[in-house]
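Engineer: I am attaching a structure below and will ask some questions about it afterwards.
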Protein chains: 4
Amino acid sequence: MTTMQAVTKQQPRPGFELIQVPVPTPGPREVLIKVIATSICGTDVHIYKWDHWSQGRIKPPLIIGHEFAGEIVAVGAQVRPDEPQVGDFVSAESHIVCGVCTQCKLGQAHICPNTRILGVDTHGCYAEYIAIPVENAWKNPKTMPARVASLQENFGNAVHTVAAVDVRAKTVLVTGCGPAGLMSIPVARAFGAETVVATDISPYRLALARKVGADLALNAAAEDVVRLAQDAVRGKGFDVLIEMSGAPKALVQGLSLLKPGGSASLLGLSSNPLNDFDLNNLVIMKGITIHGIAGRRLWETWYQMRALISSGAVDLTPIITHEFPLSRWQEALETMVSGNSGKIVMYPGE
Amino acid sequence: MTTMQAVTKQQPRPGFELIQVPVPTPGPREVLIKVIATSICGTDVHIYKWDHWSQGRIKPPLIIGHEFAGEIVAVGAQVRPDEPQVGDFVSAESHIVCGVCTQCKLGQAHICPNTRILGVDTHGCYAEYIAIPVENAWKNPKTMPARVASLQENFGNAVHTVAAVDVRAKTVLVTGCGPAGLMSIPVARAFGAETVVATDISPYRLALARKVGADLALNAAAEDVVRLAQDAVRGKGFDVLIEMSGAPKALVQGLSLLKPGGSASLLGLSSNPLNDFDLNNLVIMKGITIHGIAGRRLWETWYQMRALISSGAVDLTPIITHEFPLSRWQEALETMVSGNSGKIVMYPGE
Amino acid sequence: MTTMQAVTKQQPRPGFELIQVPVPTPGPREVLIKVIATSICGTDVHIYKWDHWSQGRIKPPLIIGHEFAGEIVAVGAQVRPDEPQVGDFVSAESHIVCGVCTQCKLGQAHICPNTRILGVDTHGCYAEYIAIPVENAWKNPKTMPARVASLQENFGNAVHTVAAVDVRAKTVLVTGCGPAGLMSIPVARAFGAETVVATDISPYRLALARKVGADLALNAAAEDVVRLAQDAVRGKGFDVLIEMSGAPKALVQGLSLLKPGGSASLLGLSSNPLNDFDLNNLVIMKGITIHGIAGRRLWETWYQMRALISSGAVDLTPIITHEFPLSRWQEALETMVSGNSGKIVMYPGE
Amino acid sequence: MTTMQAVTKQQPRPGFELIQVPVPTPGPREVLIKVIATSICGTDVHIYKWDHWSQGRIKPPLIIGHEFAGEIVAVGAQVRPDEPQVGDFVSAESHIVCGVCTQCKLGQAHICPNTRILGVDTHGCYAEYIAIPVENAWKNPKTMPARVASLQENFGNAVHTVAAVDVRAKTVLVTGCGPAGLMSIPVARAFGAETVVATDISPYRLALARKVGADLALNAAAEDVVRLAQDAVRGKGFDVLIEMSGAPKALVQGLSLLKPGGSASLLGLSSNPLNDFDLNNLVIMKGITIHGIAGRRLWETWYQMRALISSGAVDLTPIITHEFPLSRWQEALETMVSGNSGKIVMYPGE
């Protein structure tokens with residue numbers, strides 16, 4: 001087989017196109033992977049809508065997608081025997097890092113300034129095959145379902161965000177129940193949180209939050225979040241804030257709900273700069289620690305994910321609300337746009 | 001009521017005596033507590049047997065016991081209104097610390113060199129009442145069962161030992177399934193361990209270990225522990241060793257089963273110094289970190305215990321295998337001596 | 001002697017008055033201290049000017065001042081023999097904390113929500129004598145000069161701010177060279193910083209910054225700080241930001257100068273909330289960690305200060321630019337207001 | 001030039017031979033380096049003497065040596081432009097690691113179980129040229145003297161050992177003043193130690209210890225180390241032990257001199273297993289933390305070394321006591337064997 005189906009951005013304008021493209025040939029240090037499952041990320045939606053960020057970053061033509069799981073079907077000439085091989089069931093770290101900068105050399109490759117991202121800066125996985133550097137292939141247990149294995153790229157954001165703070169025997173507030181927010185709830189539980197309270201403005205997502213283990217899920221658009229959240233922790237405030245929404249109001253509420261000495265881990269990105277932000281009272285005088293979070297730690301987060309999934313401590317399947325063949329990509333993306341979904345998985349093989 | 005029943009060491013020899021003694025009067029900074037439940041610690045057994053350590057440390061006459069829960073019935077004149085009050089349901093930190101040494105001033109009061117211990121250096125809780133410094137009283141939720149609240153002093157050793165290392169998504173080996181070892185198993189689970197393997201030489205205790213959540217419980221007297229434990233972690237070694245036995249052989253096996261870069265947390269005390277201990281290969285060249293553990297952190301461990309018990313993350317009740325009225329103290333102690341028990345709780349009020 | 005000189009706020013309006021007041025009698029858990037030296041803090045200037053904050057917080061009549069060193073001349077009846085005694089040369093932790101809240105019980109008394117501050121909420125040290133809780137007295141080596149010992153309350157802010165991050169072999173940017181900023185420079189040096197670059201807008205302060213060890217001191221009002229600071233670190237960015245100015249522009253410049261994965265420690269308080277603050281690019285996507293800093297750690301910071309001063313690693317004397325008898329308090333305060341000073345020390349005994 | 005001088009082990013017996021061998025050809029991912037300076041490690045002496053360890057590990061013929069600095073003169077075909085290039089002045093990390101094991105993937109490559117060592121498992125640097133993997137080449141500033149740059153491999157052991165603990169404002173005991181022990185003294189100073197006390201049994205080495213910054217250097221063979229060391233810290237014990245000797249007696253003395261809650265960092269390897277080691281009192285009941293140290297962190301330690309040397313915080317030159325042309329290798333090695341030396345540097349070009 002020399003050509004394959006791929007969902008692509010062909011022109012600098014909204015929308016995608018499903019076309020036939022050549023199957024990629026792996027370079028000397030690359031592996032060719034047959035994609036079994038690929039899941040939709042919010043970033044893909046931004047590219048689909050052709051928003052301001054996409055217009056500055058994406059150079060069509062480009063195959064979209066960076067979350068997937070599949071089987072290696074070919075390896076380049078310089079792939080070593082102790083590296084992933086044909087037949088291995090793998091997921092991919094979507095960040096292709098340089099390996100030589102200070103961050104890479106200090107074990108902080110997740111913030112390598114030279115990072116290129118699959119499906120953003122190079123061809124992605126909304127296709128039957130993808131070729132990636134062998135260093136980016138992560139071997140999964142054969143027993144892990146492909147739809148779960150596909151989610152790991154995004155799950156890694158949640159695990160990284162929660163793991164950056166100590167939630168053991170702590171009270172945890174999760175602001176924002178999009179996919180990464182939802183996934184952070186069972187992670188906080190698994191890592192020992194005493195209480196997990198979640199907030200969002202979508203009843204659909206709040207229902208999912210309850211399903212994956214939130215003790216309390218509050219609608220910030222309809223309820224007195226501060227009072228109800230405080231009631232849940234006997235008025236003592238929270239030890240930890242996991243900010244996944246990017247909404248400035250959620251950030252301020254979350255910080256104000258922290259105890260003196262508490263910690264916040266921030267993954268959500270805001271559409272706009274912060275205004276009227278009371279750094280003195282929200283952060284400095286309370287002795288708060290804030291962790292900015294980007295990507296996943298290579299490879300600490302991946303080991304943590306494998307352990308959480310394999311041991312059964314975290315079950316991601318309730319978060320997968322829709323599944324489609326890749327050929328119905330448009331329906332899948334529009335479902336994502338509607339907001340009434342968790343994670344959506346597509347299958348190129350169908 | 002001016003006198004009360006108390007289990008005491010009256011003479012410097014083996015055994016205890018149940019006698020009538022005056023109900024204590026609390027000092028200006030003390031509280032008087034009516035004991036509802038008191039549990040037996042291995043230390044009490046040492047004093048009962050009048051072993052070498054006891055002979056050097058214990059000055060009869062002395063009321064025994066340091067694990068208990070009860071209700072405050074009187075407070076001294078200098079107890080402040082924001083401190084525990086009459087009617088509060090409390091447990092006790094058994095270490096009376098000086099508050100002025102370097103360790104106390106640096107938040108390490110658990111290793112205060114001036115520590116005096118309830119039931120060892122001052123009168124204990126195998127009695128209807130006990131007076132303790134108000135600083136040592138820890139307020140429990142009213143909903144916590146007294147028999148569970150009593151266990152916290154000992155549970156705190158387990159929580160402290162596990163909390164000293166990061167077990168999140170890690171493989172954990174617990175060597176020694178006495179009460180503290182048993183309690184460390186659900187704590188490791190609750191704090192996010194991927195896999196918990198336990199070892200002991202008592203089938204009775206190994207059965208309890210399985211009951212409280214060990215994935216695998218191995219009999220070090222009858223099975224090839226190293227091979228079976230490695231099989232449980234795919235030959236990769238363990239990330240964390242929780243050493244609760246004090247047995248040199250268990251320590252060496254445990255360290256040899258650690259991965260390079262692993263951590264060990266040691267609570268168990270050996271009867272004898274170590275011999276033929278290969279520090280080079282077991283610790284230095286593998287880059288192992290070892291944490292010596294004493295007591296419980298004041299008060300971080302107590303907050304952790306409350307959260308673990310209140311959230312239901314840890315259920316200590318399967319570890320309570322026997323209960324007696326205090327009047328049957330001898331039967332209770334002999335049961336403890338037999339080795340076929342978990343924790344044993346006694347009730348002075350009965 | 002039953003009365004003493006004291007600099008006080010008598011009425012709710014700008015200014016202070018030097019009057020005769022009764023020498024305080026120490027309570028049962030207090031010590032009476034003869035003040036040898038007392039230094040001026042920015043907070044005292046706020047109260048002097050009667051700014052918005054002062055009007056809401058200060059209840060006249062009040063003796064001002066919270067930085068001092070002196071000799072204990074009397075102790076209350078309940079002060080224990082192992083606590084500070086008559087003849088001891090002491091400084092004071094200015095935060096009187098409750099000792100019973102969660103923060104106090106967790107070794108975070110520096111952010112106790114029930115904190116009362118000497119010279120703000122209770123009578124201060126701009127006087128010949130002051131009575132403080134014995135728990136707040138910190139014993140100094142007799143060899144420490146009184147003027148240096150007085151500075152420790154403020155020095156503790158600088159030590160706490162720097163110690164909250166790891167500066168070993170790191171490049172450090174200090175924004176703001178007021179007294180705490182100046183003191184943070186030799187601390188960063190002593191704790192192993194490779195390079196220390198300081199910024200301010202006052203040539204007087206920048207000259208002091210160079211004197212106490214900054215490799216480079218840049219005038220943010222007159223120079224291209226970003227370019228010159230980057231030149232000093234070969235364009236690699238800084239590992240650590242020590243923000244001491246409270247100026248939003250300095251905060252933003254400082255964060256933008258951090259490397260991916262860098263850390264910021266914030267002590268400076270801004271007069272206004274932040275606007276147009278790009279949290280995404282300054283913090284989240286770069287994986288920055290931010291530490292809000294309040295007060296000094298009890299008592300870790302005090303032990304660190306003693307070691308830094310006693311070993312000679314930090315010399316605070318160049319930062320003391322003016323000295324006055326207490327009777328010339330007004331001249332002292334006006335010198336502080338001028339901005340052309342480091343720390344100013346006053347002597348009640350003269 | 002096609003052949004070069006090299007100091008080699010030709011036969012499985014004591015001694016080395018200086019012979020002519022072919023200049024190596026770099027592989028596709030290797031660089032060829034002209035050796036400017038090479039320094040002698042204790043390991044080289046073991047191989048020279050052909051001790052028990054050497055007999056089991058070394059396979060002659062082998063070029064010896066793993067500490068050096070030099071200039072890249074050729075690079076393999078697959079070396080990337082953003083990697084070290086011809087003309088770069090480099091030192092080498094002597095551990096060739098696999099890059100794919102769990103330790104390597106978790107940023108712990110210094111304890112990679114598949115490590116091969118230059119001059120031990122592959123040809124070394126006691127020669128005019130050496131070819132090493134490009135990943136092992138570390139670019140030095142051109143201004144760093146070659147003899148200092150050569151020392152970094154060993155200096156990294158000292159930096160790693162000290163950096164594993166927090167010495168800021170702490171009292172530090174260094175047991176063992178061989179080269180790594182000597183180098184740890186200025187590192188502890190640079191990282192903020194209040195007091196550094198060193199012990200050894202060689203007056204020659206103790207003199208060097210004083211020269212590089214020890215406050216006190218005690219002869220364990222002739223003085224009452226415990227009493228004199230305690231005197232130096234006012235009887236309070238030490239916060240940190242840096243164990244560099246491998247002598248069991250030094251380890252026990254060092255641990256006994258630690259405060260409750262102290263930390264030990266162990267690099268020294270003992271010739272024999274430990275006997276009569278009182279783990280209870282030395283480690284567990286005092287709440288001590290022990291760090292086993294191997295190699296240098298890749299690449300955190302190298303960045304730290306560069307900063308310490310470049311900033312002038314550590315001056316290694318007093319530790320270089322002898323220099324020889326490589327042709328006088330035997331005299332150099334015999335000087336090392338005598339014990340009356342610090343580091344010895346040899347120059348192949350002379």
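To be explicit about the labels: the chains of the structure tokens are called A, B, and onward in the order shown, and within each one the residues are counted from 1, while ligands get numbers from 1 in the order they are shown.
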Name the residues of range 242-313 of chain C that come out as helix (DSSP H, G or I) in a backbone DSSP run; write them as a ChimeraX atom specification.
Structural biologist: /C:248-257,279-284,300-310
Engineer: Would you write out those residues with C-alpha atoms, as a PDB file, in the first residue's frame?
Structural biologist:
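That gives us selection36.pdb:
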ATOM      1  CA  PRO C 248       4.663  45.324  38.135  1.00  0.00           C
ATOM      2  CA  LYS C 249       7.095  46.284  35.408  1.00  0.00           C
ATOM      3  CA  ALA C 250       9.982  44.704  37.311  1.00  0.00           C
ATOM      4  CA  LEU C 251       7.944  41.544  37.855  1.00  0.00           C
ATOM      5  CA  VAL C 252       7.138  41.229  34.158  1.00  0.00           C
ATOM      6  CA  GLN C 253      10.723  41.961  33.110  1.00  0.00           C
ATOM      7  CA  GLY C 254      11.998  39.516  35.682  1.00  0.00           C
ATOM      8  CA  LEU C 255       9.684  36.713  34.596  1.00  0.00           C
ATOM      9  CA  SER C 256      10.453  37.323  30.926  1.00  0.00           C
ATOM     10  CA  LEU C 257      14.170  37.053  31.727  1.00  0.00           C
ATOM     11  CA  LEU C 279       0.318  34.497  32.606  1.00  0.00           C
ATOM     12  CA  ASN C 280       0.410  32.074  29.635  1.00  0.00           C
ATOM     13  CA  ASN C 281       3.760  33.152  28.268  1.00  0.00           C
ATOM     14  CA  LEU C 282       5.403  34.402  31.452  1.00  0.00           C
ATOM     15  CA  VAL C 283       4.556  31.448  33.680  1.00  0.00           C
ATOM     16  CA  ILE C 284       2.536  28.520  32.345  1.00  0.00           C
ATOM     17  CA  GLU C 300      14.509  27.908  60.246  1.00  0.00           C
ATOM     18  CA  THR C 301      15.199  31.381  58.859  1.00  0.00           C
ATOM     19  CA  TRP C 302      16.606  32.576  62.192  1.00  0.00           C
ATOM     20  CA  TYR C 303      19.048  29.674  62.339  1.00  0.00           C
ATOM     21  CA  GLN C 304      20.106  30.486  58.776  1.00  0.00           C
ATOM     22  CA  MET C 305      20.616  34.145  59.677  1.00  0.00           C
ATOM     23  CA  ARG C 306      22.752  33.309  62.675  1.00  0.00           C
ATOM     24  CA  ALA C 307      24.925  31.028  60.538  1.00  0.00           C
ATOM     25  CA  LEU C 308      25.266  33.552  57.711  1.00  0.00           C
ATOM     26  CA  ILE C 309      26.247  36.363  60.048  1.00  0.00           C
ATOM     27  CA  SER C 310      28.415  34.366  62.444  1.00  0.00           C
TER      28      SER C 310
END
Engineer: Any idea what's packed within 7 Å of Gly213 in chain A, counting only C-alpha atoms, ignoring anything in its chain fewer than 4 positions away? Could you give it as a PDB file with N, CA and C atoms, in the first residue's frame?
Structural biologist:
ATOM      1  N   ILE A 185      -9.069  14.504  37.870  1.00  0.00           N
ATOM      2  CA  ILE A 185      -9.844  14.115  39.060  1.00  0.00           C
ATOM      3  C   ILE A 185      -9.476  12.712  39.551  1.00  0.00           C
ATOM      4  N   PRO A 186      -9.553  11.678  38.691  1.00  0.00           N
ATOM      5  CA  PRO A 186      -9.140  10.358  39.199  1.00  0.00           C
ATOM      6  C   PRO A 186      -7.655  10.281  39.536  1.00  0.00           C
ATOM      7  N   ALA A 209     -17.677  14.796  35.670  1.00  0.00           N
ATOM      8  CA  ALA A 209     -16.774  14.972  36.814  1.00  0.00           C
ATOM      9  C   ALA A 209     -17.212  14.099  37.985  1.00  0.00           C
TER      10      ALA A 209
END
Engineer: Can you tell me, as a list in words, what residues are no more than 8 Å from range 97-105 of chain C when counting only C-alpha atoms, ignoring any on the same chain fewer than 5 positions away?
Structural biologist: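 Residues meeting the cut-off are Pro260 and Gly261 of chain A; Asp82, Glu83, Leu298, Trp299 and Glu300 of chain B; His110, Ile111, Cys112, Pro113, Asn114, Thr115 and Arg116 of chain C.
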Engineer: Write out as a PyMOL selection string which residues come within 6 Å of range 39-47 of chain A when counting only C-alpha atoms, dropping same-chain ones fewer than 2 positions away.
Structural biologist: chain A and resi 49-51+54+67+344-346
Engineer: Keeping only N, CA and C atoms, write the selected residues as a tab-separated table (two decimals), in the first residue's frame.
Structural biologist:
chain	number	residue	atom	x	y	z
A	49	LYS	N	-10.88	25.43	13.22
A	49	LYS	CA	-11.56	26.73	13.15
A	49	LYS	C	-10.68	27.82	12.53
A	50	TRP	N	-9.36	27.50	12.45
A	50	TRP	CA	-8.40	28.46	11.88
A	50	TRP	C	-8.40	29.77	12.68
A	51	ASP	N	-8.15	29.62	13.99
A	51	ASP	CA	-8.15	30.80	14.87
A	51	ASP	C	-6.83	31.57	14.75
A	54	SER	N	-3.64	29.56	15.19
A	54	SER	CA	-3.38	28.64	14.08
A	54	SER	C	-2.81	29.38	12.88
A	67	GLU	N	-2.60	12.83	19.02
A	67	GLU	CA	-2.89	11.80	20.03
A	67	GLU	C	-3.24	10.51	19.31
A	344	ILE	N	-13.04	12.19	22.38
A	344	ILE	CA	-13.60	11.55	21.19
A	344	ILE	C	-12.48	10.80	20.49
A	345	VAL	N	-12.71	9.51	20.21
A	345	VAL	CA	-11.69	8.68	19.57
A	345	VAL	C	-12.14	8.32	18.16
A	346	MET	N	-11.19	8.37	17.22
A	346	MET	CA	-11.47	8.00	15.83
A	346	MET	C	-10.59	6.82	15.43
Engineer: Find the residue from C:Gly268, C:Gly70, C:Pro179, C:Gly124 that sits nearest to Ile293 in chain C; use only C-alpha atoms when measuring.
Structural biologist: C:Gly268
Engineer: I need the chain D residues near chain C as a short mmCIF file (atom, residue, chain, number, x, y, z; two decimals) with all heavy atoms, in the first residue's frame; criterion: at most 9 Å, counting only C-alpha atoms.
Structural biologist:
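Here's the written file result.cif:
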data_model
loop_
_atom_site.label_atom_id
_atom_site.label_comp_id
_atom_site.auth_asym_id
_atom_site.auth_seq_id
_atom_site.Cartn_x
_atom_site.Cartn_y
_atom_site.Cartn_z
N ALA D 163 26.01 18.27 46.48
CA ALA D 163 24.74 18.83 46.00
C ALA D 163 23.55 17.95 46.36
O ALA D 163 22.41 18.42 46.34
CB ALA D 163 24.80 19.03 44.48
N VAL D 167 23.34 22.12 52.13
CA VAL D 167 24.36 22.56 53.09
C VAL D 167 24.22 24.04 53.44
O VAL D 167 25.05 24.59 54.17
CB VAL D 167 25.80 22.28 52.60
CG1 VAL D 167 26.02 20.79 52.37
CG2 VAL D 167 26.13 23.07 51.34
N ARG D 168 23.20 24.69 52.91
CA ARG D 168 23.05 26.14 53.12
C ARG D 168 22.89 26.46 54.61
O ARG D 168 21.94 26.03 55.24
CB ARG D 168 21.84 26.65 52.35
CG ARG D 168 21.99 26.48 50.85
CD ARG D 168 20.75 26.94 50.13
NE ARG D 168 19.58 26.18 50.52
CZ ARG D 168 18.35 26.43 50.09
NH1 ARG D 168 18.13 27.43 49.27
NH2 ARG D 168 17.34 25.68 50.48
N ALA D 169 23.84 27.22 55.13
CA ALA D 169 23.82 27.64 56.53
C ALA D 169 23.93 26.45 57.48
O ALA D 169 23.52 26.54 58.63
CB ALA D 169 22.58 28.48 56.84
N LYS D 170 24.51 25.36 57.01
CA LYS D 170 24.62 24.14 57.79
C LYS D 170 26.08 23.86 58.20
O LYS D 170 27.01 24.31 57.54
CB LYS D 170 24.12 22.94 56.97
CG LYS D 170 22.67 23.05 56.51
CD LYS D 170 21.69 22.81 57.64
CE LYS D 170 20.25 22.95 57.19
NZ LYS D 170 19.85 21.91 56.24
N THR D 171 26.22 23.05 59.25
CA THR D 171 27.54 22.59 59.65
C THR D 171 27.82 21.26 58.96
O THR D 171 26.98 20.36 58.96
CB THR D 171 27.63 22.43 61.17
OG1 THR D 171 26.54 21.62 61.63
CG2 THR D 171 27.53 23.79 61.86
N VAL D 187 33.43 23.10 47.62
CA VAL D 187 32.06 23.05 47.12
C VAL D 187 31.08 23.31 48.27
O VAL D 187 30.14 24.11 48.13
CB VAL D 187 31.74 21.68 46.46
CG1 VAL D 187 30.28 21.61 46.05
CG2 VAL D 187 32.65 21.45 45.26
N ARG D 189 31.66 24.94 50.95
CA ARG D 189 31.79 26.38 51.22
C ARG D 189 30.97 27.20 50.22
O ARG D 189 30.19 28.07 50.60
CB ARG D 189 33.26 26.80 51.05
CG ARG D 189 34.20 26.49 52.15
CD ARG D 189 34.59 27.79 52.90
NE ARG D 189 33.72 27.94 54.04
CZ ARG D 189 33.99 27.47 55.26
NH1 ARG D 189 35.14 26.86 55.50
NH2 ARG D 189 33.13 27.63 56.23
N ALA D 190 31.17 26.92 48.94
CA ALA D 190 30.52 27.71 47.90
C ALA D 190 29.00 27.59 47.96
O ALA D 190 28.28 28.53 47.63
CB ALA D 190 31.00 27.27 46.52
N PHE D 191 28.51 26.45 48.39
CA PHE D 191 27.06 26.22 48.47
C PHE D 191 26.47 26.68 49.81
O PHE D 191 25.32 26.41 50.09
CB PHE D 191 26.72 24.76 48.21
CG PHE D 191 26.77 24.35 46.75
CD1 PHE D 191 26.63 23.01 46.37
CD2 PHE D 191 26.94 25.29 45.74
CE1 PHE D 191 26.66 22.64 45.03
CE2 PHE D 191 26.98 24.93 44.40
CZ PHE D 191 26.84 23.59 44.05
N GLY D 192 27.27 27.35 50.64
CA GLY D 192 26.71 28.04 51.79
C GLY D 192 26.91 27.41 53.14
O GLY D 192 26.30 27.84 54.12
N ALA D 193 27.80 26.41 53.26
CA ALA D 193 28.04 25.81 54.57
C ALA D 193 28.51 26.86 55.56
O ALA D 193 29.31 27.74 55.22
CB ALA D 193 29.08 24.70 54.46
N GLU D 194 28.02 26.74 56.81
CA GLU D 194 28.48 27.66 57.86
C GLU D 194 29.89 27.28 58.30
O GLU D 194 30.76 28.12 58.45
CB GLU D 194 27.54 27.56 59.06
CG GLU D 194 27.99 28.40 60.25
CD GLU D 194 27.19 28.15 61.51
OE1 GLU D 194 26.33 27.23 61.50
OE2 GLU D 194 27.42 28.85 62.50
N THR D 195 30.09 25.97 58.53
CA THR D 195 31.33 25.46 59.08
C THR D 195 31.67 24.16 58.36
O THR D 195 30.78 23.35 58.12
CB THR D 195 31.14 25.12 60.58
OG1 THR D 195 30.71 26.29 61.25
CG2 THR D 195 32.42 24.60 61.21
N TYR D 303 26.79 21.26 34.67
CA TYR D 303 26.44 22.68 34.69
C TYR D 303 26.89 23.33 36.00
O TYR D 303 27.37 24.45 36.02
CB TYR D 303 24.92 22.88 34.51
CG TYR D 303 24.45 22.75 33.09
CD1 TYR D 303 23.89 21.57 32.63
CD2 TYR D 303 24.57 23.81 32.20
CE1 TYR D 303 23.44 21.45 31.31
CE2 TYR D 303 24.13 23.70 30.89
CZ TYR D 303 23.57 22.51 30.45
OH TYR D 303 23.15 22.41 29.15
N GLN D 304 26.71 22.60 37.10
CA GLN D 304 27.14 23.12 38.40
C GLN D 304 28.64 23.32 38.43
O GLN D 304 29.15 24.34 38.93
CB GLN D 304 26.69 22.18 39.51
CG GLN D 304 25.17 22.17 39.70
CD GLN D 304 24.70 21.09 40.66
OE1 GLN D 304 25.31 20.03 40.77
NE2 GLN D 304 23.60 21.34 41.34
N MET D 305 29.37 22.36 37.88
CA MET D 305 30.84 22.49 37.87
C MET D 305 31.27 23.71 37.08
O MET D 305 32.13 24.47 37.51
CB MET D 305 31.46 21.24 37.24
CG MET D 305 31.43 20.05 38.16
SD MET D 305 32.52 18.74 37.53
CE MET D 305 31.46 17.95 36.35
N ARG D 306 30.68 23.87 35.91
CA ARG D 306 31.06 25.01 35.08
C ARG D 306 30.83 26.32 35.83
O ARG D 306 31.69 27.21 35.83
CB ARG D 306 30.24 25.01 33.80
CG ARG D 306 30.54 26.19 32.90
CD ARG D 306 29.56 26.29 31.75
NE ARG D 306 29.80 25.21 30.79
CZ ARG D 306 28.96 24.89 29.80
NH1 ARG D 306 27.83 25.56 29.66
NH2 ARG D 306 29.25 23.92 28.98
N ALA D 307 29.68 26.42 36.51
CA ALA D 307 29.35 27.64 37.25
C ALA D 307 30.32 27.84 38.41
O ALA D 307 30.82 28.95 38.64
CB ALA D 307 27.92 27.57 37.75
N LEU D 308 30.63 26.79 39.13
CA LEU D 308 31.51 26.91 40.29
C LEU D 308 32.91 27.33 39.87
O LEU D 308 33.56 28.15 40.54
CB LEU D 308 31.58 25.57 41.05
CG LEU D 308 30.33 25.23 41.86
CD1 LEU D 308 30.36 23.76 42.29
CD2 LEU D 308 30.21 26.13 43.09
N SER D 310 33.81 28.74 36.78
CA SER D 310 33.83 30.00 36.02
C SER D 310 33.64 31.22 36.92
O SER D 310 34.22 32.28 36.68
CB SER D 310 32.73 29.99 34.96
OG SER D 310 32.96 28.96 34.02
N SER D 311 32.78 31.07 37.94
CA SER D 311 32.52 32.21 38.82
C SER D 311 33.65 32.42 39.81
O SER D 311 33.67 33.41 40.52
CB SER D 311 31.23 31.98 39.59
OG SER D 311 31.40 30.92 40.53
N GLY D 312 34.59 31.48 39.86
CA GLY D 312 35.68 31.59 40.82
C GLY D 312 35.29 31.12 42.21
O GLY D 312 36.10 31.20 43.14
N ALA D 313 34.07 30.60 42.37
CA ALA D 313 33.63 30.16 43.69
C ALA D 313 34.47 28.99 44.20
O ALA D 313 34.69 28.85 45.39
CB ALA D 313 32.15 29.76 43.66
#
Engineer: Contacts of Gly76 in chain B at 6 Å or less, counting only C-alpha atoms, minus same-chain residues fewer than 6 places along, as an mmCIF file with C-alpha atoms, in the first residue's frame?
Structural biologist:
data_model
loop_
_atom_site.group_PDB
_atom_site.id
_atom_site.type_symbol
_atom_site.label_atom_id
_atom_site.label_comp_id
_atom_site.auth_asym_id
_atom_site.auth_seq_id
_atom_site.Cartn_x
_atom_site.Cartn_y
_atom_site.Cartn_z
ATOM 1 C CA PRO B 26 -4.314 17.800 85.766
ATOM 2 C CA GLY B 27 -1.564 20.395 86.088
ATOM 3 C CA PRO B 28 -2.108 23.996 84.907
ATOM 4 C CA ARG B 29 -1.267 23.124 81.274
ATOM 5 C CA GLU B 30 -2.741 19.607 81.332
#
Engineer: Can you tell me, as a ChimeraX atom specification, which residues in range 72-144 of chain D count as strand (DSSP E) by DSSP?
Structural biologist: /D:72-75,89-92,95-96,116-117,129-133,137-139
Engineer: Could you tell me how far CA of Val73 in chain B sits from CA of Thr8 in chain B, in Å to one decimal place?
Structural biologist: 22.4 Å
